[in-house]
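Asker: For reference, this is my_file-v4.txt, and it has compact mmCIF, C-alpha atoms.
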```txt
# COMPACT_ATOMS: atom_id res chain seq x y z
CA MET A 17 95.53 186.93 81.65
CA THR A 18 92.26 185.33 82.75
CA LEU A 19 92.36 182.97 79.81
CA GLU A 20 95.93 181.98 80.65
CA ARG A 21 94.96 181.33 84.27
CA ASP A 22 91.98 179.27 83.13
CA LEU A 23 94.17 177.33 80.72
CA ARG A 24 96.63 176.52 83.53
CA ARG A 25 93.76 175.16 85.57
CA ALA A 26 92.22 173.27 82.66
CA LEU A 27 95.55 171.70 81.70
CA ALA A 28 96.71 170.90 85.22
CA PRO A 29 98.49 167.53 85.46
CA VAL A 30 96.27 164.58 86.29
CA ASP A 31 97.16 161.23 87.81
CA PRO A 32 97.52 158.21 85.54
CA PRO A 33 95.30 155.20 86.24
CA PRO A 34 96.21 153.24 89.39
CA GLY A 35 98.87 150.64 88.75
CA PHE A 36 100.41 152.55 85.86
CA ALA A 37 104.00 152.29 87.12
CA ASP A 38 103.55 148.60 87.96
CA ALA A 39 102.27 147.98 84.44
CA VAL A 40 105.37 149.65 82.99
CA LEU A 41 107.63 147.55 85.23
CA ALA A 42 105.72 144.40 84.35
CA HIS A 43 106.48 145.05 80.68
CA LEU A 44 110.16 145.33 81.57
CA GLY A 45 109.88 141.93 83.23
CA THR A 46 108.62 140.33 80.05
CA GLY A 47 111.98 141.02 78.45
CA LEU A 48 110.33 143.00 75.71
CA PRO A 49 111.54 146.52 76.29
CA GLU A 50 113.28 146.53 72.93
CA ALA A 51 109.84 146.21 71.46
CA ALA A 52 108.80 149.35 73.31
CA GLY A 53 105.59 150.26 71.71
CA GLU A 54 104.61 148.37 68.66
CA ALA A 55 105.20 144.65 69.03
CA ARG A 56 104.94 144.50 72.81
CA ARG A 57 101.20 144.14 72.92
CA PRO A 58 98.34 144.59 70.51
CA SER A 59 97.60 148.27 70.24
CA ARG A 60 94.14 149.78 70.23
CA LEU A 61 94.41 150.12 66.46
CA VAL A 62 94.80 146.35 66.20
CA TRP A 63 91.61 145.84 68.19
CA ARG A 64 89.87 148.46 66.07
CA TRP A 65 90.80 146.69 62.80
CA LEU A 66 90.56 143.14 64.10
CA PRO A 67 86.85 142.59 63.22
CA LEU A 68 87.44 143.91 59.71
CA GLY A 69 90.47 141.68 59.31
CA LEU A 70 88.54 138.65 60.53
CA ALA A 71 85.65 139.41 58.17
CA ALA A 72 88.08 139.77 55.24
CA SER A 73 89.78 136.48 56.16
CA LEU A 74 86.42 134.73 56.41
CA MET A 75 85.36 136.06 53.03
CA ALA A 76 88.68 135.02 51.48
CA ALA A 77 88.26 131.53 52.99
CA VAL A 78 84.69 131.21 51.61
CA LEU A 79 85.72 132.42 48.14
CA GLY A 80 88.80 130.19 48.18
CA GLY A 81 86.69 127.21 49.25
CA ALA A 82 84.17 127.85 46.49
CA ALA A 83 86.94 128.10 43.90
CA TRP A 84 88.49 124.86 45.17
CA LEU A 85 85.11 123.06 44.99
CA GLU A 86 84.60 124.35 41.45
CA GLN A 87 88.04 123.10 40.47
CA GLN A 88 87.32 119.69 42.03
CA ARG A 89 84.05 119.45 40.11
CA GLY A 90 85.85 120.28 36.87
CA ARG A 91 88.45 117.60 37.55
CA GLN A 92 85.72 115.00 38.29
CA ALA A 93 83.88 115.92 35.09
CA ALA A 94 87.08 115.59 33.05
CA LEU A 95 87.80 112.21 34.68
CA ALA A 96 84.26 111.00 33.97
CA GLY A 97 84.59 112.10 30.34
CA GLU A 98 87.88 110.22 30.02
CA GLN A 99 86.23 107.10 31.50
CA VAL A 100 83.33 107.29 29.01
CA ILE A 101 85.77 107.62 26.11
CA GLU A 102 87.79 104.66 27.42
CA ALA A 103 84.58 102.59 27.77
CA LEU A 104 83.55 103.47 24.22
CA ARG A 105 87.03 102.58 22.96
CA VAL A 106 86.87 99.18 24.73
CA THR A 107 83.36 98.54 23.44
CA SER A 108 84.38 99.47 19.93
CA HIS A 109 87.40 97.16 20.15
CA GLU A 110 85.19 94.28 21.40
CA LEU A 111 82.67 94.83 18.60
CA ASN A 112 85.44 94.82 16.02
CA ASP A 113 86.70 91.53 17.49
CA ILE A 114 83.24 89.96 17.34
CA ARG A 115 82.74 91.17 13.78
CA ALA A 116 86.12 89.73 12.73
CA ARG A 117 85.31 86.36 14.33
CA ALA A 118 81.90 86.26 12.65
CA ILE A 119 83.50 86.95 9.26
CA GLN A 120 85.98 84.13 9.88
CA ARG A 121 83.19 81.63 10.74
CA MET A 122 81.07 82.52 7.76
CA ALA A 123 83.88 82.64 5.22
CA PRO A 124 84.31 78.78 4.72
CA HIS A 125 80.63 78.42 3.82
CA GLY A 126 80.88 81.17 1.25
CA GLU A 127 78.55 83.35 3.19
CA THR A 128 78.96 86.97 3.47
CA PRO A 129 77.85 88.75 6.57
CA MET B 2 148.42 161.81 114.78
CA GLN B 3 144.94 162.55 113.68
CA VAL B 4 143.81 161.22 110.30
CA VAL B 5 141.53 163.56 108.47
CA ARG B 6 139.39 161.87 105.90
CA ALA B 7 138.11 163.85 102.99
CA ALA B 8 134.32 163.84 102.98
CA ALA B 9 132.89 161.89 100.06
CA PRO B 10 131.10 164.17 97.59
CA VAL B 11 127.39 164.15 98.31
CA GLN B 12 125.47 162.80 95.36
CA ASP B 13 122.09 164.17 94.49
CA PRO B 14 119.42 161.46 95.15
CA ALA B 15 118.05 161.88 91.64
CA ASP B 16 121.53 161.40 90.17
CA ALA B 17 122.06 158.33 92.34
CA ARG B 18 118.73 156.86 91.28
CA LEU B 19 119.50 157.42 87.62
CA GLU B 20 122.89 155.80 88.07
CA ARG B 21 121.33 152.76 89.76
CA ALA B 22 118.69 152.50 87.06
CA ARG B 23 121.41 152.62 84.41
CA ALA B 24 123.13 149.75 86.25
CA GLY B 25 119.94 147.68 85.88
CA ASP B 26 118.24 148.39 89.21
CA VAL B 27 114.56 147.94 88.37
CA ASP B 28 113.43 149.50 91.68
CA ALA B 29 115.36 152.65 90.84
CA PHE B 30 113.75 152.72 87.42
CA GLY B 31 110.36 152.22 89.10
CA ALA B 32 111.05 155.26 91.26
CA ILE B 33 111.83 157.28 88.14
CA VAL B 34 108.55 156.13 86.56
CA ARG B 35 106.60 157.10 89.69
CA GLU B 36 108.24 160.49 89.82
CA HIS B 37 107.43 161.42 86.23
CA GLN B 38 104.28 159.38 85.44
CA ARG B 39 101.90 162.25 86.22
CA MET B 40 103.71 164.66 83.92
CA VAL B 41 104.13 162.16 81.09
CA PHE B 42 100.57 160.85 81.25
CA SER B 43 99.09 164.36 81.45
CA LEU B 44 101.09 165.63 78.48
CA ALA B 45 99.86 162.70 76.41
CA LEU B 46 96.29 163.08 77.67
CA HIS B 47 96.07 166.81 76.97
CA VAL B 48 97.34 166.32 73.44
CA VAL B 49 95.43 163.17 72.44
CA GLN B 50 92.33 163.62 74.67
CA ASP B 51 91.90 159.89 75.14
CA ARG B 52 92.84 158.25 78.45
CA ALA B 53 93.53 154.79 77.02
CA VAL B 54 95.70 156.14 74.20
CA ALA B 55 97.46 158.50 76.62
CA GLU B 56 98.23 155.59 78.93
CA GLU B 57 99.63 153.60 76.04
CA LEU B 58 101.78 156.49 74.81
CA ALA B 59 103.07 157.18 78.31
CA GLN B 60 103.96 153.51 78.84
CA ASP B 61 105.75 153.42 75.51
CA ALA B 62 107.75 156.51 76.44
CA PHE B 63 108.93 154.89 79.68
CA LEU B 64 109.78 151.62 77.97
CA GLN B 65 111.76 153.52 75.37
CA LEU B 66 113.50 155.40 78.17
CA TYR B 67 114.49 152.08 79.73
CA GLN B 68 116.09 151.15 76.43
CA CYS B 69 118.26 154.23 76.22
CA LEU B 70 119.09 154.96 79.86
CA ASP B 71 122.78 154.84 78.91
CA ARG B 72 122.32 157.95 76.81
CA ILE B 73 120.62 159.94 79.60
CA ALA B 74 123.25 162.21 81.11
CA SER B 75 121.40 163.73 84.08
CA PRO B 76 117.99 164.01 85.76
CA ALA B 77 117.41 167.27 83.87
CA HIS B 78 118.21 165.52 80.61
CA LEU B 79 115.82 162.72 81.61
CA LEU B 80 113.00 165.21 82.17
CA PHE B 81 113.71 166.90 78.84
CA TRP B 82 113.90 163.51 77.07
CA LEU B 83 110.58 162.33 78.52
CA ARG B 84 108.76 165.54 77.61
CA ARG B 85 110.16 165.48 74.12
CA THR B 86 109.43 161.80 73.50
CA VAL B 87 105.87 161.75 74.76
CA VAL B 88 104.92 165.02 73.06
CA HIS B 89 106.32 163.90 69.70
CA ARG B 90 104.47 160.60 70.00
CA ALA B 91 101.26 162.38 70.92
CA ILE B 92 101.59 164.80 67.99
CA ASP B 93 102.18 161.88 65.61
CA HIS B 94 99.12 160.16 67.01
CA GLY B 95 97.07 163.35 66.64
CA ARG B 96 98.13 163.70 63.02
CA ARG B 97 97.02 160.17 62.26
CA LEU B 98 93.51 160.94 63.45
CA SER B 99 91.50 162.48 60.70
CA SER B 100 88.66 163.74 62.82
CA ARG B 101 88.88 166.45 65.39
CA LEU B 102 86.95 166.68 68.59
CA GLU B 103 84.11 169.10 68.52
CA VAL B 104 82.98 171.12 71.46
CA ARG B 105 79.39 170.56 72.42
CA VAL B 106 77.91 172.92 74.92
CA ASP B 107 75.47 170.28 76.20
CA ASP B 108 78.39 167.94 76.90
CA VAL B 109 79.67 169.86 79.86
CA PRO B 110 78.70 169.46 83.53
CA PRO B 111 75.56 171.14 84.83
CA LEU B 112 75.88 174.60 86.30
CA ALA B 113 75.10 173.27 89.77
CA LEU B 114 78.63 171.86 89.87
CA VAL B 115 80.26 175.23 89.35
CA ARG B 116 82.15 176.47 92.39
CA GLU B 117 83.21 180.02 93.03
CA ASP B 118 86.95 179.51 92.77
CA ARG B 119 86.94 176.96 89.94
CA ASP B 120 84.66 176.42 87.03
CA PRO B 121 84.60 172.75 85.89
CA TRP B 122 82.39 173.67 82.94
CA LEU B 123 84.91 176.22 81.70
CA GLU B 124 87.89 173.95 82.39
CA ARG B 125 86.37 171.11 80.44
CA ALA B 126 85.28 173.42 77.65
CA LEU B 127 88.83 174.82 77.46
CA ARG B 128 90.33 171.32 77.34
CA GLU B 129 88.03 170.50 74.46
CA LEU B 130 88.84 173.77 72.72
CA VAL B 131 92.55 172.98 73.06
CA ALA B 132 91.80 169.52 71.66
CA GLY B 133 90.27 171.24 68.63
CA LEU B 134 93.59 172.87 67.75
CA PRO B 135 95.88 171.11 65.23
CA PRO B 136 98.31 168.68 66.92
CA ARG B 137 101.41 170.86 67.00
CA PRO B 138 99.79 174.06 68.38
CA ARG B 139 97.93 171.80 70.82
CA ALA B 140 101.23 170.40 72.08
CA ILE B 141 102.71 173.90 72.33
CA VAL B 142 99.76 175.16 74.40
CA THR B 143 99.97 172.06 76.61
CA LEU B 144 103.70 172.47 77.23
CA ARG B 145 103.16 176.16 77.99
CA TYR B 146 100.25 175.82 80.40
CA GLN B 147 100.65 172.34 81.84
CA GLU B 148 104.43 172.39 82.22
CA ASP B 149 104.87 176.17 82.46
CA LEU B 150 107.66 176.06 79.89
CA GLU B 151 108.91 179.24 78.28
CA PRO B 152 108.75 179.51 74.47
CA MET B 153 112.51 178.94 74.28
CA GLU B 154 112.21 175.64 76.19
CA ILE B 155 109.22 174.56 74.09
CA ALA B 156 111.25 175.29 70.96
CA ARG B 157 114.00 172.98 72.22
CA VAL B 158 111.55 170.20 73.06
CA LEU B 159 109.86 170.39 69.66
CA ASP B 160 112.88 171.26 67.52
CA LEU B 161 111.23 174.43 66.29
CA PRO B 162 112.43 178.01 65.90
CA VAL B 163 111.42 180.02 68.94
CA ASN B 164 109.55 182.54 66.75
CA THR B 165 107.44 179.74 65.34
CA VAL B 166 106.54 178.68 68.86
CA LYS B 167 105.65 182.26 69.80
CA SER B 168 103.48 182.76 66.74
CA HIS B 169 101.70 179.42 67.33
CA LEU B 170 101.05 180.48 70.91
CA ARG B 171 99.75 183.91 69.88
CA ARG B 172 97.41 182.49 67.25
CA SER B 173 96.22 179.65 69.46
CA LEU B 174 95.42 182.02 72.32
CA ALA B 175 93.50 184.28 69.95
CA VAL B 176 91.48 181.34 68.64
CA LEU B 177 90.87 179.96 72.13
CA ARG B 178 89.85 183.37 73.46
CA ALA B 179 87.34 183.88 70.61
CA ARG B 180 85.87 180.39 70.97
CA ALA B 181 85.73 180.55 74.76
CA THR B 182 83.91 183.89 74.57
CA ARG B 183 81.39 182.43 72.13
CA LEU B 184 80.84 179.39 74.39
CA LYS B 185 80.34 181.59 77.43
CA GLU B 186 77.74 183.60 75.51
CA VAL B 187 75.89 180.43 74.48
CA ARG B 188 76.03 179.18 78.06
CA ALA B 189 74.75 182.48 79.44
```
Let's see the structure in the file written out as structure tokens.

Answerer:
Amino acid sequence: MTLERDLRRALAPVDPPPGFADAVLAHLGTGLPEAAGEARRPSRLVWRWLPLGLAASLMAAVLGGAAWLEQQRGRQAALAGEQVIEALRVTSHELNDIRARAIQRMAPHGETP
Amino acid sequence: MQVVRAAAPVQDPADARLERARAGDVDAFGAIVREHQRMVFSLALHVVQDRAVAEELAQDAFLQLYQCLDRIASPAHLLFWLRRTVVHRAIDHGRRLSSRLEVRVDDVPPLALVREDRDPWLERALRELVAGLPPRPRAIVTLRYQEDLEPMEIARVLDLPVNTVKSHLRRSLAVLRARATRLKEVRA
């Protein structure tokens, strides 16, 4: 019996924080009662996980940025390679032209290059 | 000739307030919140043991009530609905928490604060011991000793067989008695 009496005292109702009812009514005024609970305002769980979420987003952004930079570098290298090949092709074509013209000039004199 | 008018049936103020709230009277709904806020907040607090979470759960219960006022038949139904909603939410919250509160003897107020008629040390220790129970027995003990509900009423609130409620109560009291005795010995 003593324990039950003590439990009644220990679990006696307590007042909510001041302004509790006004806060409830203010939420009604926002037109969000259908969201009662979850979407109405960020819950404590959201605040608890927010730093972790931000850190994960930051890490994803850094890794994504690094991957993008790497891809850009690869593209630039491929482009540079293509330009070198094109330059060599043009040079080779020019040299062939010069060689052909030289052969033509020397041919009437019976010279061989 | 004298005209005798039949007296209009007197409506209970709580019924009238509920009716006005159902019709969209925000002031009437505010009065309902003020009438029950202490009970709803305390039920949540005694089950979750966290004032901020209890406030959030209690607010959610009232906002949900506002959504389904049409389905509330009477002030007694409203009281039952509020108890049921907040306790179920608090139990769900308690189940999500993996860790339990532990009672620390050095956490309680100094003995100088103890008065003859009430013992804040014991009351706080008991609240923490209740918090150490699993969520459902914790809710049952809270409904029994905060709201003075009989096992049959608790069974209705929690959708449980009355014998289950009784056995939870018996076991919880045995556990609480043993732990409280041990704490008192440590304190002495």

Asker: With a cut-off of 9 Å and counting only C-alpha atoms, select all residues of chain B in contact with chain A and give the selection as a PyMOL selection string.

Answerer: chain B and resi 27-28+30-32+34-35+38-44+46-47+52-58+60-65+67-68+119-121+123-128+131+142-143+145-149+174+177-178+181

Asker: For range 168-170 of chain B, list every protein, DNA or RNA residue within 10 Å, evaluated using all atoms listed in the file, and leave out those in the same chain fewer than 6 positions away; present the list as a PyMOL selection string.

Answerer: chain B and resi 137-139+141-142+145+152+176

Asker: What is the CA of Gln50 in chain B-CA of Glu129 in chain B distance in Å, reported with one decimal?

Answerer: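 If I compute the distance from CA of Gln50 in chain B to CA of Glu129 in chain B, I get 8.1 Å.
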
Asker: Out of B:Asp93, B:Arg23, B:Arg84, B:Asp71, which residue has the shortest atom-to-atom distance to Leu150 in chain B when counting all atoms listed in the file?

Answerer: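 The closest residue to Leu150 in chain B is B:Arg84.
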
Asker: Can you work out the spacing between CA of Asp51 in chain B and CA of Trp122 in chain B in Å, to one decimal?

Answerer: 18.5 Å

Asker: For the atom pair CA of Thr165 in chain B and CA of Thr86 in chain B, what is the interatomic distance in Å to one decimal place?

Answerer: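 Separation between CA of Thr165 in chain B and CA of Thr86 in chain B: 19.8 Å.
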